[in-house]
Every structure is written in C-alpha cells, then in structure tokens.
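A.B. asks: I am attaching a structure below and will ask some questions about it afterwards.
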Amino acid sequence: MADWLTLLPPLLALAIAVWSRNVYWALGLAIWTSETLNADFNPALGLLASVERAVSIFGNEGNTRILLFCLIIGALIEYMRRSGGIAGMVNWLERTGAAGTRRRAGAVTALTGTLIFVETNISLLTTGIMGRPLFDRLKMSRARLAYIIDSTSAPVSILILLNGWGAFVLGLISEYDLGNPLAVLVATIPLNFYALLTVAGVWITVLGDRTFGPMRTRETLMMAANDDGPEEETGSGSALNMGLPLLVLVGGALGFMLWTGNGNMLEGSGSQSILWAVCLATALAFILLARSGKEKKGSLIEIGFKGMGDLLPAVTVIFLALVLGASLKALGTGEVLGSLAAGIPFAWTLPAIVFIVAGITSFTTGTSWGTYGILVPVAIPLALGSGVPPSLALAAVLGGGVFGDHCSPISDTSIIASLAAECDHIDHVRTQLPYALVTGLLAVIGYLAAGIAVTL
C-alpha cells in the first residue's frame, strides 16, 4: 500500500466535518476507510473490522475511564444546577466583583485554566463548568469560553511540566545520550514558542476584550440577540453547592495522583485520579441536592441520568475519535508523517520543519501525546547529528503537537473543551482556528530565526 493512502482517512474526516458540520459522519466514515485500507481494500471486512476496533477501545483502561468520567460529569453538572449551586456561584462572583465585567469574567476563567496545570482534563472540565454561567450572564459566547479553556490547558501543561506531560516526555528522551535529560526538558520552556504565544494570546483577548475572525462574528450575533446563546443560569442557591463539589473534583484528583504515584504526582495515573475524583464530587453534589429540598428524593437518580444523557452526544464524539486514533495507529499514519522529517536538507530549518511535521501529525491523528511518541525518537537523533540543540528540536515537537491539536476537529482535548463549554464542536474548531494559525505562523518564524542563530 502506498504511503500516501495512510493519510486518506484523517483527510476524509476533516473534509466531511468541514463540509457537513457533522462530526459523527466524518469520524465514522474515516474509521471505515482506515479499516478498509487495513483489510487490503475490502470494504465489507473494513466494516466488520470497524466494529471490532470500536470494541477494542474498551480493552484500554484509560480510554474506558475517559468515557466514564465524561458521562458522570454530566450528572455532576445537573446536580449542581438543580441545587442552585451554579446560579449561586454566579451571583457570588458578581457580588464580590470578581466577575462583574467581561474582562474580569474572562480573567477569572483564564487564571483558573492556568493554575490547574496538573491534568488537562481537570483543567478543561473545572474551568468550563465554572465559566459557562459567567459567560452566559455577560453575553459572551461559548465559543470564546471553549477557546480560552482549550488554549490554556494544554499549553500551560506543556510549559510547567510538573504533571503527566512532563513525565511522559522525560521518559521518551531518557533513552538518548543527553547528559542531563531533565535539564534538556526544562530548557524547552523558553523555546516552546507556540505554547508561550498561545497563552499570551489568551490574555490579550481577555484583557482587551477583542476578538477577530469567526469568533468576532459569533460574539456579534450573541450580543445582537438575547436568545442567540445558551440559557442563562438564573435563580437562587448557595455557591457552596457548586464550590464544594469543584473543590473535591480538583483536590481529589491531585490527591489521587499523589496516591497512585506513591507520593510522586508525576508517576500518578491521571485517568484513574480524575475518574475517582469525579465520582466523589458527584456523590457530594447528590447529597447537597438532597439536603436542599429542591427535588423529590425519589427523582435524584433520574436527574443524574438526565445529566448523563445530555452529554451522550459529546461522549460519542470522544469515543469515535478514540476509535479513529487506534485505527490510524494500526494503519501507520503517524510513522509516515514522522518519516518526512528525516529528509531535511538544511540544519537551520530543522526546528521549523519539525514543528510543522508535528503539527500535521497531531492534526491528522488527533493526539499530541501520540505525536510525541512518534516524533521525539526522530527529532532528537536528527538534532544530535545536525548540531541543533536537542532542547530546541524537542520544544518544536512539543509545541507542534499542541498546535495540531488546536486546529483539529478530531483532537481529544478540543472535543473535551467543547464538551466542557457546552459549545458546538465544529463551531469551537472554526472559531479557534484563526488564533491557532496566526500563533503557529509566528512560532514557525521564531524557529527559523532560532535555527539560524544556533547553526550559522
């Protein structure tokens, strides 16, 4: 099979998603196409293999935990809403002046996303749940909220590195003769141009209260029609009915990461920790709703199932994205893209080209971690052989993986950001894309300049 055919499934998914704005058809047809190629071009066997590939997703404990916590978070949100916790939190933030204006609401949301750097899903879900009522009250679009939480979670996680991201990358580079791998990893922080510029762009957007491109159009429509956005949270209730479950969610996840890592948070299981924490937070929200007397005791379980049902479409998208990622891995799409970096003609172009290849790989496969696993073993030897500092090449891979994720409609983090913000997923990708492309272009220029500085 020709190498270029391995790129057909993700390209098909992207084309159908953009054309039809239906991500279910896009992912489903891409999975079938990928499995058909895996089955030596037999479409019937490809269909059967697609079903088996979907079943195999549950053989991975991490995947199953992701799907479970995305469902359970729906019950958590519904319990907090019914108890008046969300409305109470909005009222409290406005009374204290912490989120009384558009700039302050955006700043509170961005700051929360920046501070919760231990695990991206914790950051996305916590910040999204907190930000939704604030943005609705101030007539700010959910697309802007999805952009803020998506553009702070992964970039901050790959900059601070005191998390699973750092442990994963450190494990990848420890196999090479780098002297002090930890020092190489730390040296990537000021060289990760895309992540730094993305976080700066979020704060410029928040403090300037200005948007551009499709985001501006979406914001204009939101301001022009009171019924254009999601229903605003109204009513009364205690802010503790939201604050306490969120505190358990974040604190529990951090505590469980320490526990599962035997005292070392970097060694902890993020998927286990967030699932356990979500279960505890949901149980607490259930108790708080029962004590509030706002609902009949016999209806509390049904309320939880309603919340789960509300998130079922988004969870289905995550499931299909996981299936496609597994299928593309079996097809060898990532390896084909990674091999492109081996033909670099000039050493000074290495960082920029590695960034672009990492972005394309992440864009087409929907995973930055998978991109790191594919390209770090390519980039480090190339850097050592060409005289480029390994930290510069590594930073380009790390930033490129996040860049591709921000542009891709099949990215797991972008899907979860849409879920957390309760924003249409294609709308989120479409409105975020101009920001990612502008920042990506600036990063390429930065890597070209850095490449010239270190090799010429």
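Residue names in the structure tokens use chain letters A, B, ... in the order shown, residue numbers from 1 in each chain, and ligand numbers from 1 in the order shown.
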Can you tell me, as number ranges by chain, which residues in range 111-335 of chain A count as helix (DSSP H, G or I) by DSSP?
C.D. replies: A: 111-115, 120-137, 142-160, 164-173, 181-187, 193-208, 214-224, 240-260, 265-267, 270-292, 297-331, 333-335
A.B. asks: Measuring atom to atom with only C-alpha atoms, identify which of A:Asn42, A:Ser83, A:Ser141, A:Thr211 is nearest to Lys294 in chain A.
C.D. replies: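 Of the candidates, the smallest distance to Lys294 in chain A is held by A:Ser83.
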A.B. asks: Record the distance separating CA of Gly85 in chain A and CA of Gly243 in chain A, expressed in Å with one decimal.
C.D. replies: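 About the pair CA of Gly85 in chain A and CA of Gly243 in chain A: they are 7.6 Å apart.
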A.B. asks: Let me make sure I understand: among A:Asp209, A:Phe58, A:Leu27, A:Leu8, which one has the smallest atom-to-atom distance to Gly106 in chain A if we use only C-alpha atoms?
C.D. replies: A:Asp209
A.B. asks: Restricting the calculation to only C-alpha atoms: of A:Phe403, A:Trp369, A:Tyr147, A:Phe305, which residue gets closest to Tyr79 in chain A?
C.D. replies: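 So, comparing all the options, the nearest one is A:Phe305.
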A.B. asks: Go through A:Ile149, A:Thr33, A:Ser299, A:Gly171 one by one, measure the shortest atom-to-atom distance of each to Ile116 in chain A using only C-alpha atoms, and give the residue with the smallest value.
C.D. replies: A:Ile149
A.B. asks: In terms of the shortest atom-to-atom distance over only C-alpha atoms, which of A:Cys70, A:Leu207, A:Val323, A:Ile416 is closest to Arg102 in chain A?
C.D. replies: A:Leu207
A.B. asks: Report the closest atom pair, with its distance in Å rounded to one decimal, for each residue of range 103-211 of chain A that has an atom no farther than 10 Å from range 389-402 of chain A; count only C-alpha atoms, sort by chain and then rising residue number, and write it as CSV.
C.D. replies:
residue,atom,partner,partner_atom,distance
A:Ser151,CA,A:Val402,CA,9.2
A:Ala154,CA,A:Val402,CA,6.7
A:Pro155,CA,A:Val402,CA,6.9
A:Ile158,CA,A:Leu398,CA,7.2
A:Leu159,CA,A:Leu398,CA,9.3
A:Trp165,CA,A:Leu398,CA,9.8
A:Val169,CA,A:Leu398,CA,8.8
A:Ile173,CA,A:Leu394,CA,9.0
A:Leu178,CA,A:Pro390,CA,8.1
A:Pro181,CA,A:Ser391,CA,9.4
A:Ala183,CA,A:Ser391,CA,8.7
A:Val184,CA,A:Ser391,CA,5.2
A:Leu185,CA,A:Ser391,CA,6.5
A:Val186,CA,A:Ser391,CA,8.2
A:Ala187,CA,A:Ser391,CA,5.8
A:Thr188,CA,A:Ala395,CA,4.8
A:Ile189,CA,A:Ala395,CA,7.3
A:Pro190,CA,A:Ala395,CA,8.7
A:Leu191,CA,A:Ala395,CA,5.8
A:Asn192,CA,A:Ala395,CA,4.9
A:Phe193,CA,A:Gly399,CA,7.0
A:Tyr194,CA,A:Gly399,CA,5.3
A:Ala195,CA,A:Gly399,CA,5.9
A:Leu196,CA,A:Gly399,CA,9.0
A:Thr198,CA,A:Val402,CA,9.9
A.B. asks: Please compute the CA of Leu350 in chain A-CA of Thr455 in chain A distance, one decimal, in Å.
C.D. replies: 10.1 Å
A.B. asks: List every residue of range 233-349 of chain A that has an atom at most 10 Å from any atom of range 422-436 of chain A, and for each one report the closest atom pair and its distance in Å to one decimal, counting only C-alpha atoms, with rows sorted by chain and then by increasing residue number, as a Markdown table.
C.D. replies:
| residue | atom | partner | partner_atom | distance |
| --- | --- | --- | --- | --- |
| A:Asp310 | CA | A:Glu422 | CA | 9.9 |
| A:Leu311 | CA | A:Glu422 | CA | 8.8 |
| A:Ala314 | CA | A:His425 | CA | 8.5 |
| A:Val317 | CA | A:His425 | CA | 9.3 |
A.B. asks: Keeping N, CA, C and O atoms for every residue in the selection just given, could you write it to a file as an mmCIF file, in the first residue's frame?
C.D. replies:
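What landed in selection_36.cif:
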data_model
loop_
_atom_site.group_PDB
_atom_site.id
_atom_site.type_symbol
_atom_site.label_atom_id
_atom_site.label_comp_id
_atom_site.auth_asym_id
_atom_site.auth_seq_id
_atom_site.Cartn_x
_atom_site.Cartn_y
_atom_site.Cartn_z
ATOM 1 N N ASP A 310 -27.563 14.232 28.582
ATOM 2 C CA ASP A 310 -27.262 15.495 27.905
ATOM 3 C C ASP A 310 -25.865 15.484 27.291
ATOM 4 O O ASP A 310 -25.614 16.168 26.284
ATOM 5 N N LEU A 311 -24.944 14.731 27.889
ATOM 6 C CA LEU A 311 -23.568 14.684 27.387
ATOM 7 C C LEU A 311 -23.305 13.487 26.483
ATOM 8 O O LEU A 311 -22.189 13.345 25.970
ATOM 9 N N ALA A 314 -21.734 14.253 23.014
ATOM 10 C CA ALA A 314 -20.320 14.640 23.093
ATOM 11 C C ALA A 314 -19.443 13.434 23.424
ATOM 12 O O ALA A 314 -18.340 13.281 22.879
ATOM 13 N N VAL A 317 -18.754 11.430 20.375
ATOM 14 C CA VAL A 317 -17.694 12.001 19.546
ATOM 15 C C VAL A 317 -16.322 11.600 20.093
ATOM 16 O O VAL A 317 -15.418 11.232 19.331
#
A.B. asks: List the spatial neighbours of Ile66 in chain A as a compact mmCIF listing (two decimals) with C-alpha atoms, in the first residue's frame - criterion: any atom at most 9 Å away, only C-alpha atoms, same-chain residues fewer than 2 positions off excluded.
C.D. replies:
# COMPACT_ATOMS: atom_id res chain seq x y z
CA GLU A 61 -8.49 1.05 30.83
CA GLY A 62 -7.50 4.66 30.22
CA ASN A 63 -9.96 5.02 27.32
CA THR A 64 -12.78 3.48 29.34
CA LEU A 68 -16.95 7.13 32.02
CA PHE A 69 -15.87 10.41 33.58
CA CYS A 70 -17.26 12.36 30.63
CA LEU A 71 -20.63 10.73 31.26
CA SER A 271 -7.24 8.82 34.15
CA GLN A 272 -7.75 6.95 37.41
CA ILE A 274 -9.93 12.18 37.53
CA LEU A 275 -12.49 9.33 37.39
CA ILE A 318 -14.89 11.28 22.02
A.B. asks: So how many Å separate CA of Val51 in chain A and CA of Trp25 in chain A, to one decimal?
C.D. replies: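 Separating CA of Val51 in chain A from CA of Trp25 in chain A is a distance of 15.0 Å.
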A.B. asks: Show which residues sit within 7 Å of Gly46 in chain A, as JSON, numbers by chain. Count only C-alpha atoms, and ignore same-chain residues fewer than 3 positions away.
C.D. replies: {"A": [32, 35, 36, 39, 42, 43, 49, 50]}
A.B. asks: Using the selection just defined, write its residues with all heavy atoms as an mmCIF file, in the first residue's frame.
C.D. replies:
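Generated file (out.cif):
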data_model
loop_
_atom_site.group_PDB
_atom_site.id
_atom_site.type_symbol
_atom_site.label_atom_id
_atom_site.label_comp_id
_atom_site.auth_asym_id
_atom_site.auth_seq_id
_atom_site.Cartn_x
_atom_site.Cartn_y
_atom_site.Cartn_z
ATOM 1 N N TRP A 32 -14.148 3.709 8.943
ATOM 2 C CA TRP A 32 -14.414 2.659 7.945
ATOM 3 C C TRP A 32 -13.366 2.661 6.841
ATOM 4 O O TRP A 32 -12.882 1.607 6.418
ATOM 5 C CB TRP A 32 -15.805 2.858 7.360
ATOM 6 C CG TRP A 32 -16.129 1.922 6.234
ATOM 7 C CD1 TRP A 32 -16.242 0.558 6.299
ATOM 8 C CD2 TRP A 32 -16.354 2.292 4.868
ATOM 9 N NE1 TRP A 32 -16.526 0.051 5.054
ATOM 10 C CE2 TRP A 32 -16.602 1.096 4.162
ATOM 11 C CE3 TRP A 32 -16.385 3.502 4.198
ATOM 12 C CZ2 TRP A 32 -16.878 1.081 2.799
ATOM 13 C CZ3 TRP A 32 -16.659 3.493 2.843
ATOM 14 C CH2 TRP A 32 -16.894 2.300 2.150
ATOM 15 N N GLU A 35 -10.073 1.216 8.251
ATOM 16 C CA GLU A 35 -10.130 -0.238 8.422
ATOM 17 C C GLU A 35 -10.213 -0.959 7.078
ATOM 18 O O GLU A 35 -9.718 -2.087 6.936
ATOM 19 C CB GLU A 35 -11.318 -0.621 9.309
ATOM 20 C CG GLU A 35 -11.170 -0.187 10.753
ATOM 21 C CD GLU A 35 -9.948 -0.787 11.433
ATOM 22 O OE1 GLU A 35 -9.525 -1.891 11.055
ATOM 23 O OE2 GLU A 35 -9.412 -0.126 12.354
ATOM 24 N N THR A 36 -10.813 -0.301 6.080
ATOM 25 C CA THR A 36 -10.839 -0.886 4.734
ATOM 26 C C THR A 36 -9.430 -0.970 4.163
ATOM 27 O O THR A 36 -9.054 -1.968 3.535
ATOM 28 C CB THR A 36 -11.738 -0.044 3.814
ATOM 29 O OG1 THR A 36 -13.095 -0.076 4.298
ATOM 30 C CG2 THR A 36 -11.717 -0.576 2.379
ATOM 31 N N ALA A 39 -7.692 -3.729 5.758
ATOM 32 C CA ALA A 39 -8.215 -5.030 5.309
ATOM 33 C C ALA A 39 -7.935 -5.261 3.826
ATOM 34 O O ALA A 39 -8.703 -5.960 3.153
ATOM 35 C CB ALA A 39 -9.704 -5.110 5.596
ATOM 36 N N ASN A 42 -10.817 -4.216 1.242
ATOM 37 C CA ASN A 42 -12.087 -4.945 1.261
ATOM 38 C C ASN A 42 -13.074 -4.177 2.132
ATOM 39 O O ASN A 42 -12.961 -4.186 3.363
ATOM 40 C CB ASN A 42 -11.878 -6.357 1.823
ATOM 41 C CG ASN A 42 -13.125 -7.220 1.698
ATOM 42 O OD1 ASN A 42 -14.235 -6.772 1.945
ATOM 43 N ND2 ASN A 42 -12.924 -8.490 1.327
ATOM 44 N N PRO A 43 -14.061 -3.479 1.541
ATOM 45 C CA PRO A 43 -14.960 -2.627 2.328
ATOM 46 C C PRO A 43 -15.838 -3.408 3.303
ATOM 47 O O PRO A 43 -16.166 -2.903 4.373
ATOM 48 C CB PRO A 43 -15.799 -1.910 1.274
ATOM 49 C CG PRO A 43 -15.702 -2.769 0.053
ATOM 50 C CD PRO A 43 -14.356 -3.403 0.100
ATOM 51 N N ALA A 49 -14.333 -4.897 10.699
ATOM 52 C CA ALA A 49 -13.159 -4.526 11.491
ATOM 53 C C ALA A 49 -13.395 -3.230 12.255
ATOM 54 O O ALA A 49 -12.845 -3.039 13.349
ATOM 55 C CB ALA A 49 -11.941 -4.391 10.585
ATOM 56 N N SER A 50 -14.202 -2.335 11.693
ATOM 57 C CA SER A 50 -14.523 -1.082 12.390
ATOM 58 C C SER A 50 -15.260 -1.355 13.688
ATOM 59 O O SER A 50 -14.996 -0.727 14.722
ATOM 60 C CB SER A 50 -15.383 -0.176 11.490
ATOM 61 O OG SER A 50 -14.695 0.180 10.316
#
A.B. asks: When you count only C-alpha atoms, which of these residues is closest to Thr126 in chain A: A:Ala44, A:Leu284, A:Val206, A:Leu111?
C.D. replies: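 Smallest distance to Thr126 in chain A is found for A:Leu111.
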A.B. asks: Could you name the residues that touch Ala107 in chain A at 10 Å or less, counting only C-alpha atoms, but leaving out those on the same chain fewer than 5 positions away, as a ChimeraX atom specification?
C.D. replies: /A:98-99,101-102,112-113,148,202-203,205-207
A.B. asks: Filtering to N, CA and C atoms, could you give me those residues as a PDB file, in the first residue's frame?
C.D. replies:
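Okay, this is what ended up in result.pdb:
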ATOM      1  N   ALA A  98     -15.546  39.846  41.415  1.00  0.00           N
ATOM      2  CA  ALA A  98     -14.523  39.019  40.776  1.00  0.00           C
ATOM      3  C   ALA A  98     -14.843  38.748  39.323  1.00  0.00           C
ATOM      4  N   ALA A  99     -16.124  38.778  38.971  1.00  0.00           N
ATOM      5  CA  ALA A  99     -16.504  38.514  37.583  1.00  0.00           C
ATOM      6  C   ALA A  99     -17.669  39.407  37.171  1.00  0.00           C
ATOM      7  N   THR A 101     -17.515  42.092  35.254  1.00  0.00           N
ATOM      8  CA  THR A 101     -17.387  42.630  33.911  1.00  0.00           C
ATOM      9  C   THR A 101     -16.870  41.546  32.974  1.00  0.00           C
ATOM     10  N   ARG A 102     -16.932  41.816  31.676  1.00  0.00           N
ATOM     11  CA  ARG A 102     -16.472  40.837  30.693  1.00  0.00           C
ATOM     12  C   ARG A 102     -14.980  40.538  30.875  1.00  0.00           C
ATOM     13  N   THR A 112      -7.985  30.430  36.153  1.00  0.00           N
ATOM     14  CA  THR A 112      -8.285  29.079  36.635  1.00  0.00           C
ATOM     15  C   THR A 112      -7.670  28.030  35.722  1.00  0.00           C
ATOM     16  N   GLY A 113      -7.821  28.229  34.409  1.00  0.00           N
ATOM     17  CA  GLY A 113      -7.231  27.297  33.461  1.00  0.00           C
ATOM     18  C   GLY A 113      -5.719  27.270  33.534  1.00  0.00           C
ATOM     19  N   ILE A 148     -10.740  29.831  25.319  1.00  0.00           N
ATOM     20  CA  ILE A 148      -9.922  30.179  26.487  1.00  0.00           C
ATOM     21  C   ILE A 148      -9.478  28.935  27.239  1.00  0.00           C
ATOM     22  N   VAL A 202      -4.274  34.423  24.715  1.00  0.00           N
ATOM     23  CA  VAL A 202      -5.482  34.315  25.539  1.00  0.00           C
ATOM     24  C   VAL A 202      -5.624  35.536  26.438  1.00  0.00           C
ATOM     25  N   TRP A 203      -4.536  35.927  27.079  1.00  0.00           N
ATOM     26  CA  TRP A 203      -4.606  37.074  27.988  1.00  0.00           C
ATOM     27  C   TRP A 203      -4.808  38.385  27.240  1.00  0.00           C
ATOM     28  N   THR A 205      -6.587  38.614  24.497  1.00  0.00           N
ATOM     29  CA  THR A 205      -8.008  38.557  24.159  1.00  0.00           C
ATOM     30  C   THR A 205      -8.865  38.906  25.362  1.00  0.00           C
ATOM     31  N   VAL A 206      -8.497  38.355  26.524  1.00  0.00           N
ATOM     32  CA  VAL A 206      -9.280  38.569  27.738  1.00  0.00           C
ATOM     33  C   VAL A 206      -9.209  40.023  28.201  1.00  0.00           C
ATOM     34  N   LEU A 207      -8.002  40.552  28.321  1.00  0.00           N
ATOM     35  CA  LEU A 207      -7.839  41.906  28.857  1.00  0.00           C
ATOM     36  C   LEU A 207      -8.261  42.979  27.868  1.00  0.00           C
TER      37      LEU A 207
END
A.B. asks: Applying 10 Å and only C-alpha atoms, which residues near Ser153 in chain A remain after dropping the ones on its own chain fewer than 4 positions away? List them as an mmCIF file with all heavy atoms, in the first residue's frame.
C.D. replies:
data_model
loop_
_atom_site.group_PDB
_atom_site.id
_atom_site.type_symbol
_atom_site.label_atom_id
_atom_site.label_comp_id
_atom_site.auth_asym_id
_atom_site.auth_seq_id
_atom_site.Cartn_x
_atom_site.Cartn_y
_atom_site.Cartn_z
ATOM 1 N N ALA A 110 -9.524 32.374 32.614
ATOM 2 C CA ALA A 110 -8.167 32.101 32.112
ATOM 3 C C ALA A 110 -7.217 31.786 33.257
ATOM 4 O O ALA A 110 -6.351 30.904 33.132
ATOM 5 C CB ALA A 110 -7.660 33.301 31.311
ATOM 6 N N THR A 112 -7.985 30.430 36.153
ATOM 7 C CA THR A 112 -8.285 29.079 36.635
ATOM 8 C C THR A 112 -7.670 28.030 35.722
ATOM 9 O O THR A 112 -7.058 27.062 36.183
ATOM 10 C CB THR A 112 -9.808 28.874 36.724
ATOM 11 O OG1 THR A 112 -10.384 29.878 37.556
ATOM 12 C CG2 THR A 112 -10.142 27.507 37.295
ATOM 13 N N GLY A 113 -7.821 28.229 34.409
ATOM 14 C CA GLY A 113 -7.231 27.297 33.461
ATOM 15 C C GLY A 113 -5.719 27.270 33.534
ATOM 16 O O GLY A 113 -5.087 26.238 33.280
ATOM 17 N N THR A 114 -5.113 28.392 33.892
ATOM 18 C CA THR A 114 -3.656 28.466 34.003
ATOM 19 C C THR A 114 -3.164 27.780 35.276
ATOM 20 O O THR A 114 -2.137 27.101 35.263
ATOM 21 C CB THR A 114 -3.200 29.943 34.006
ATOM 22 O OG1 THR A 114 -3.627 30.567 32.788
ATOM 23 C CG2 THR A 114 -1.689 30.043 34.108
ATOM 24 N N LEU A 115 -3.896 27.942 36.378
ATOM 25 C CA LEU A 115 -3.454 27.406 37.658
ATOM 26 C C LEU A 115 -3.614 25.897 37.758
ATOM 27 O O LEU A 115 -2.854 25.223 38.445
ATOM 28 C CB LEU A 115 -4.216 28.084 38.798
ATOM 29 C CG LEU A 115 -3.927 29.576 39.003
ATOM 30 C CD1 LEU A 115 -4.802 30.137 40.111
ATOM 31 C CD2 LEU A 115 -2.459 29.802 39.329
ATOM 32 N N ILE A 116 -4.621 25.350 37.061
ATOM 33 C CA ILE A 116 -4.853 23.892 37.134
ATOM 34 C C ILE A 116 -4.051 23.235 36.006
ATOM 35 O O ILE A 116 -4.576 22.873 34.962
ATOM 36 C CB ILE A 116 -6.355 23.567 37.013
ATOM 37 C CG1 ILE A 116 -7.160 24.340 38.055
ATOM 38 C CG2 ILE A 116 -6.586 22.064 37.217
ATOM 39 C CD1 ILE A 116 -8.658 24.161 37.934
ATOM 40 N N PHE A 117 -2.757 23.097 36.242
ATOM 41 C CA PHE A 117 -1.860 22.600 35.201
ATOM 42 C C PHE A 117 -1.500 21.130 35.366
ATOM 43 O O PHE A 117 -0.764 20.574 34.555
ATOM 44 C CB PHE A 117 -0.555 23.414 35.204
ATOM 45 C CG PHE A 117 0.158 23.408 36.527
ATOM 46 C CD1 PHE A 117 0.984 22.357 36.886
ATOM 47 C CD2 PHE A 117 -0.025 24.449 37.430
ATOM 48 C CE1 PHE A 117 1.632 22.342 38.112
ATOM 49 C CE2 PHE A 117 0.620 24.444 38.661
ATOM 50 C CZ PHE A 117 1.454 23.393 39.003
ATOM 51 N N VAL A 118 -2.011 20.502 36.414
ATOM 52 C CA VAL A 118 -1.597 19.128 36.706
ATOM 53 C C VAL A 118 -2.158 18.146 35.683
ATOM 54 O O VAL A 118 -1.490 17.205 35.267
ATOM 55 C CB VAL A 118 -2.035 18.731 38.125
ATOM 56 C CG1 VAL A 118 -1.708 17.275 38.404
ATOM 57 C CG2 VAL A 118 -1.346 19.626 39.148
ATOM 58 N N GLU A 119 -3.395 18.361 35.219
ATOM 59 C CA GLU A 119 -4.019 17.432 34.285
ATOM 60 C C GLU A 119 -4.960 18.218 33.392
ATOM 61 O O GLU A 119 -5.776 18.997 33.872
ATOM 62 C CB GLU A 119 -4.773 16.346 35.055
ATOM 63 C CG GLU A 119 -4.781 14.981 34.394
ATOM 64 C CD GLU A 119 -5.831 14.869 33.318
ATOM 65 O OE1 GLU A 119 -6.854 15.573 33.416
ATOM 66 O OE2 GLU A 119 -5.642 14.087 32.373
ATOM 67 N N THR A 120 -4.840 18.029 32.081
ATOM 68 C CA THR A 120 -5.593 18.859 31.144
ATOM 69 C C THR A 120 -7.099 18.662 31.266
ATOM 70 O O THR A 120 -7.866 19.628 31.161
ATOM 71 C CB THR A 120 -5.156 18.572 29.701
ATOM 72 O OG1 THR A 120 -5.222 17.157 29.451
ATOM 73 C CG2 THR A 120 -3.748 19.038 29.455
ATOM 74 N N ASN A 121 -7.555 17.424 31.466
ATOM 75 C CA ASN A 121 -8.988 17.195 31.553
ATOM 76 C C ASN A 121 -9.581 17.846 32.801
ATOM 77 O O ASN A 121 -10.703 18.354 32.763
ATOM 78 C CB ASN A 121 -9.279 15.687 31.553
ATOM 79 C CG ASN A 121 -8.991 15.050 30.211
ATOM 80 O OD1 ASN A 121 -9.172 15.674 29.178
ATOM 81 N ND2 ASN A 121 -8.532 13.813 30.218
ATOM 82 N N ILE A 122 -8.835 17.816 33.911
ATOM 83 C CA ILE A 122 -9.288 18.508 35.120
ATOM 84 C C ILE A 122 -9.425 19.998 34.831
ATOM 85 O O ILE A 122 -10.414 20.641 35.194
ATOM 86 C CB ILE A 122 -8.308 18.286 36.281
ATOM 87 C CG1 ILE A 122 -8.173 16.802 36.617
ATOM 88 C CG2 ILE A 122 -8.754 19.049 37.519
ATOM 89 C CD1 ILE A 122 -7.097 16.502 37.635
ATOM 90 N N SER A 123 -8.419 20.547 34.168
ATOM 91 C CA SER A 123 -8.436 21.970 33.832
ATOM 92 C C SER A 123 -9.618 22.318 32.944
ATOM 93 O O SER A 123 -10.367 23.274 33.199
ATOM 94 C CB SER A 123 -7.122 22.347 33.139
ATOM 95 O OG SER A 123 -7.161 23.670 32.667
ATOM 96 N N LEU A 124 -9.831 21.530 31.885
ATOM 97 C CA LEU A 124 -10.906 21.805 30.932
ATOM 98 C C LEU A 124 -12.271 21.723 31.603
ATOM 99 O O LEU A 124 -13.105 22.636 31.453
ATOM 100 C CB LEU A 124 -10.833 20.809 29.771
ATOM 101 C CG LEU A 124 -9.651 20.961 28.808
ATOM 102 C CD1 LEU A 124 -9.567 19.750 27.883
ATOM 103 C CD2 LEU A 124 -9.766 22.238 27.993
ATOM 104 N N THR A 127 -12.741 24.425 34.635
ATOM 105 C CA THR A 127 -12.830 25.791 34.132
ATOM 106 C C THR A 127 -14.076 25.981 33.276
ATOM 107 O O THR A 127 -14.727 27.034 33.328
ATOM 108 C CB THR A 127 -11.577 26.142 33.317
ATOM 109 O OG1 THR A 127 -10.412 25.778 34.053
ATOM 110 C CG2 THR A 127 -11.522 27.626 33.014
ATOM 111 N N ILE A 148 -10.740 29.831 25.319
ATOM 112 C CA ILE A 148 -9.922 30.179 26.487
ATOM 113 C C ILE A 148 -9.478 28.935 27.239
ATOM 114 O O ILE A 148 -8.300 28.789 27.589
ATOM 115 C CB ILE A 148 -10.696 31.140 27.420
ATOM 116 C CG1 ILE A 148 -10.834 32.518 26.752
ATOM 117 C CG2 ILE A 148 -9.989 31.278 28.763
ATOM 118 C CD1 ILE A 148 -11.698 33.493 27.529
ATOM 119 N N ILE A 149 -10.405 27.996 27.478
ATOM 120 C CA ILE A 149 -10.025 26.820 28.261
ATOM 121 C C ILE A 149 -9.137 25.878 27.449
ATOM 122 O O ILE A 149 -8.220 25.251 27.997
ATOM 123 C CB ILE A 149 -11.253 26.082 28.822
ATOM 124 C CG1 ILE A 149 -12.131 25.501 27.718
ATOM 125 C CG2 ILE A 149 -12.059 27.007 29.709
ATOM 126 C CD1 ILE A 149 -13.319 24.698 28.243
ATOM 127 N N SER A 157 0.138 23.124 30.504
ATOM 128 C CA SER A 157 0.624 21.813 30.953
ATOM 129 C C SER A 157 1.978 21.475 30.342
ATOM 130 O O SER A 157 2.836 20.885 31.006
ATOM 131 C CB SER A 157 -0.395 20.724 30.585
ATOM 132 O OG SER A 157 -1.595 20.879 31.310
ATOM 133 N N ILE A 158 2.186 21.848 29.092
ATOM 134 C CA ILE A 158 3.452 21.510 28.432
ATOM 135 C C ILE A 158 4.540 22.524 28.756
ATOM 136 O O ILE A 158 5.719 22.312 28.469
ATOM 137 C CB ILE A 158 3.262 21.395 26.902
ATOM 138 C CG1 ILE A 158 4.342 20.507 26.275
ATOM 139 C CG2 ILE A 158 3.221 22.758 26.242
ATOM 140 C CD1 ILE A 158 4.371 19.105 26.796
ATOM 141 N N VAL A 199 -0.682 31.241 25.190
ATOM 142 C CA VAL A 199 -1.108 31.737 26.494
ATOM 143 C C VAL A 199 -1.148 33.267 26.493
ATOM 144 O O VAL A 199 -2.092 33.884 27.019
ATOM 145 C CB VAL A 199 -0.173 31.220 27.607
ATOM 146 C CG1 VAL A 199 -0.527 31.852 28.944
ATOM 147 C CG2 VAL A 199 -0.259 29.694 27.708
ATOM 148 N N THR A 413 -8.540 16.612 23.119
ATOM 149 C CA THR A 413 -8.621 17.759 24.026
ATOM 150 C C THR A 413 -9.581 18.826 23.512
ATOM 151 O O THR A 413 -10.294 19.456 24.294
ATOM 152 C CB THR A 413 -7.228 18.383 24.250
ATOM 153 O OG1 THR A 413 -6.615 18.639 22.982
ATOM 154 C CG2 THR A 413 -6.342 17.457 25.048
ATOM 155 N N ALA A 417 -12.859 20.123 25.382
ATOM 156 C CA ALA A 417 -13.059 21.560 25.597
ATOM 157 C C ALA A 417 -14.454 21.972 25.136
ATOM 158 O O ALA A 417 -15.135 22.762 25.814
ATOM 159 C CB ALA A 417 -11.992 22.358 24.845
#
